[in-house]
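Written below as structure tokens is the structure these notes are about.
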There are 2 protein chains.
Amino acid sequence: MESRAAAAEEGIPVEASRSTRKRQGIIEAATATFLRSGYLGTSMDEIAALAGVSKQTVYKQFADKERLFTEIVLGTIDNVGEPFFGGIDTLGSSEDLETDLRRVAGQLITIVTDPQLLQLRRLVIGEAGRFPELGRSYYERGPGRSAERLASQFQVLAERGLLQLDDPQLTAQHFNWLVLSIPLNQAMFSVDLDFRPAELDRYADEAVRIFLAAYGGSR
Amino acid sequence: MESRAAAAEEGIPVEASRSTRKRQGIIEAATATFLRSGYLGTSMDEIAALAGVSKQTVYKQFADKERLFTEIVLGTIDNVGEPFFGGIDTLGSSEDLETDLRRVAGQLITIVTDPQLLQLRRLVIGEAGRFPELGRSYYERGPGRSAERLASQFQVLAERGLLQLDDPQLTAQHFNWLVLSIPLNQAMFSVDLDFRPAELDRYADEAVRIFLAAYGGSR
């Protein structure tokens, strides 16, 4: 009753609000089920039961299992990525490049080693043959977007004489992979790895040190 | 009859030889089927039919689907990896480090972007939740072993004053990921990427340039 009252107060029609809540419940149930059982191992029946709605409701909201899977994967990427992308965009105007690169590297490694995001990434990679469009979208909205944003900021830094580079895209990928190297690849193959924050910080800081040794303006 | 004769000539009992051929046929059929349909999408019936043997024969050779999958994955890793690992092991005595690093980088990127190996890697990652042991073994026998071998050669090069480093393991990972950055990650999400050899060469060479700028002994 309380949420109905709140919805009415915010001027949201009660029906729409209930539908939104159902949708949200389905998304949460589907995320949990896909992450645990994979795409082929998950049924719409299971999702409906976990969400406490009928199977028809699931199909009304999401045309089929593929659509639901896609929505979950891309929604998660957007949610996780947005704050991080904002942090990249201030790099170009940095007054203390090493500190700011360490901040971005630390955020990047923390986001990418999030257990739920790692498992989603494993699923998308495992299903890239069945769902090529989803694989491409994941890449574009996640790692691809991150690389684009980094590249454009590195270009600005090069114009300011703080970096020396010919190919900002490649420089962005080098930065990205100096940071992610060990944790991401190892985590792809091992579901039960547990990185300590101090270890992740060390990877991030060492990546920045090597990056600046190679690309720094003063070499 | 010819192969029977050949087997007899080599002193291999005819029965063992026939069994070896059957085993090889099953491995080839299973590899093709797993690569196309994934783990859950593959049945032992399908494999038996494609190999032209009975289902009992498949089960006699490989106790179950999981055992067969494991055998294929680890066998492929070993076959692909062995010649490459040999090439790493001469790095320490290099008289022209840039050239030799370019050779290793070029081999690494060529092996890792092999379409069949990429698809196997996707499958293992996608199934890491179901088969944690296989994921770990894949990592250890493939990327992990490569990193170990690189690290020990980089240590030798550091002792010769040709590289400056504190942590050979991390240095090895940095080398690995400077080389593989773009192609491997992008290929994980897109099954139909087709890298031109010239493009791969450029990635390999740029990786070596950046690696030596950061870790080279003369900085």
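Simple scheme: letters A, B, ... for chains in structure tokens order, numbers from 1 for residues in each chain, numbers from 1 for ligands in the order shown.
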
Contacts from chain A to chain B, 9 Å maximum, only C-alpha atoms: show me the residue list as a PyMOL selection string. chain A and resi 36-38+40-41+119+121-130+132-139+143-144+170+173-182+185-186+188-192+203+206-207+209-215+219

Please provide the set of residues having any atom within 8 Å of A:Ala158, restricted to only C-alpha atoms, with same-chain residues fewer than 6 positions apart removed, written as a PyMOL selection string. chain A and resi 164-165+217

Write out, as a PDB file, in the first residue's frame, the residues just selected, with all heavy atoms.
ATOM      1  N   GLN A 164      53.362  11.219 -25.200  1.00  0.00           N
ATOM      2  CA  GLN A 164      53.904  11.142 -26.560  1.00  0.00           C
ATOM      3  C   GLN A 164      53.331   9.915 -27.234  1.00  0.00           C
ATOM      4  O   GLN A 164      53.638   8.783 -26.818  1.00  0.00           O
ATOM      5  CB  GLN A 164      55.422  11.008 -26.507  1.00  0.00           C
ATOM      6  CG  GLN A 164      56.094  12.272 -25.998  1.00  0.00           C
ATOM      7  CD  GLN A 164      57.534  12.364 -26.460  1.00  0.00           C
ATOM      8  OE1 GLN A 164      58.087  11.408 -26.996  1.00  0.00           O
ATOM      9  NE2 GLN A 164      58.151  13.523 -26.287  1.00  0.00           N
ATOM     10  N   LEU A 165      52.537  10.113 -28.275  1.00  0.00           N
ATOM     11  CA  LEU A 165      51.909   8.956 -28.922  1.00  0.00           C
ATOM     12  C   LEU A 165      51.545   9.280 -30.363  1.00  0.00           C
ATOM     13  O   LEU A 165      51.392  10.438 -30.744  1.00  0.00           O
ATOM     14  CB  LEU A 165      50.656   8.535 -28.135  1.00  0.00           C
ATOM     15  CG  LEU A 165      49.639   9.636 -27.806  1.00  0.00           C
ATOM     16  CD1 LEU A 165      48.596   9.757 -28.915  1.00  0.00           C
ATOM     17  CD2 LEU A 165      48.940   9.313 -26.499  1.00  0.00           C
ATOM     18  N   GLY A 217      55.515  12.276 -21.494  1.00  0.00           N
ATOM     19  CA  GLY A 217      56.019  13.324 -22.379  1.00  0.00           C
ATOM     20  C   GLY A 217      57.486  13.647 -22.192  1.00  0.00           C
ATOM     21  O   GLY A 217      58.130  14.198 -23.078  1.00  0.00           O
TER      22      GLY A 217
END

With DSSP run on the backbone, what are the helix (DSSP H, G or I) residues within stretch 58-166 of chain A? I'd like them as a ChimeraX atom specification. /A:58-61,65-88,91-93,97-112,115-126,132-159

Give the answer as one residue: which of B:Ile111, B:Ala63, B:Val73, B:Ile47 has the shortest atom-to-atom distance to B:Ile26, using only C-alpha atoms?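 So, comparing all the options, the nearest one is B:Ile47.
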
From the set B:Thr57, B:Ser146, B:Gln155, B:Thr110, which residue has the shortest atom-to-atom contact distance to B:Ala204, counting only C-alpha atoms?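 Residue with the minimum atom-to-atom distance to B:Ala204: B:Thr110.
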
Among the residues B:Gln56, B:Thr42, B:Ser17, B:Thr76, the one that comes closest to B:Gly142 [using only C-alpha atoms]: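 Answer, going by the shortest atom-to-atom distance: B:Thr76.
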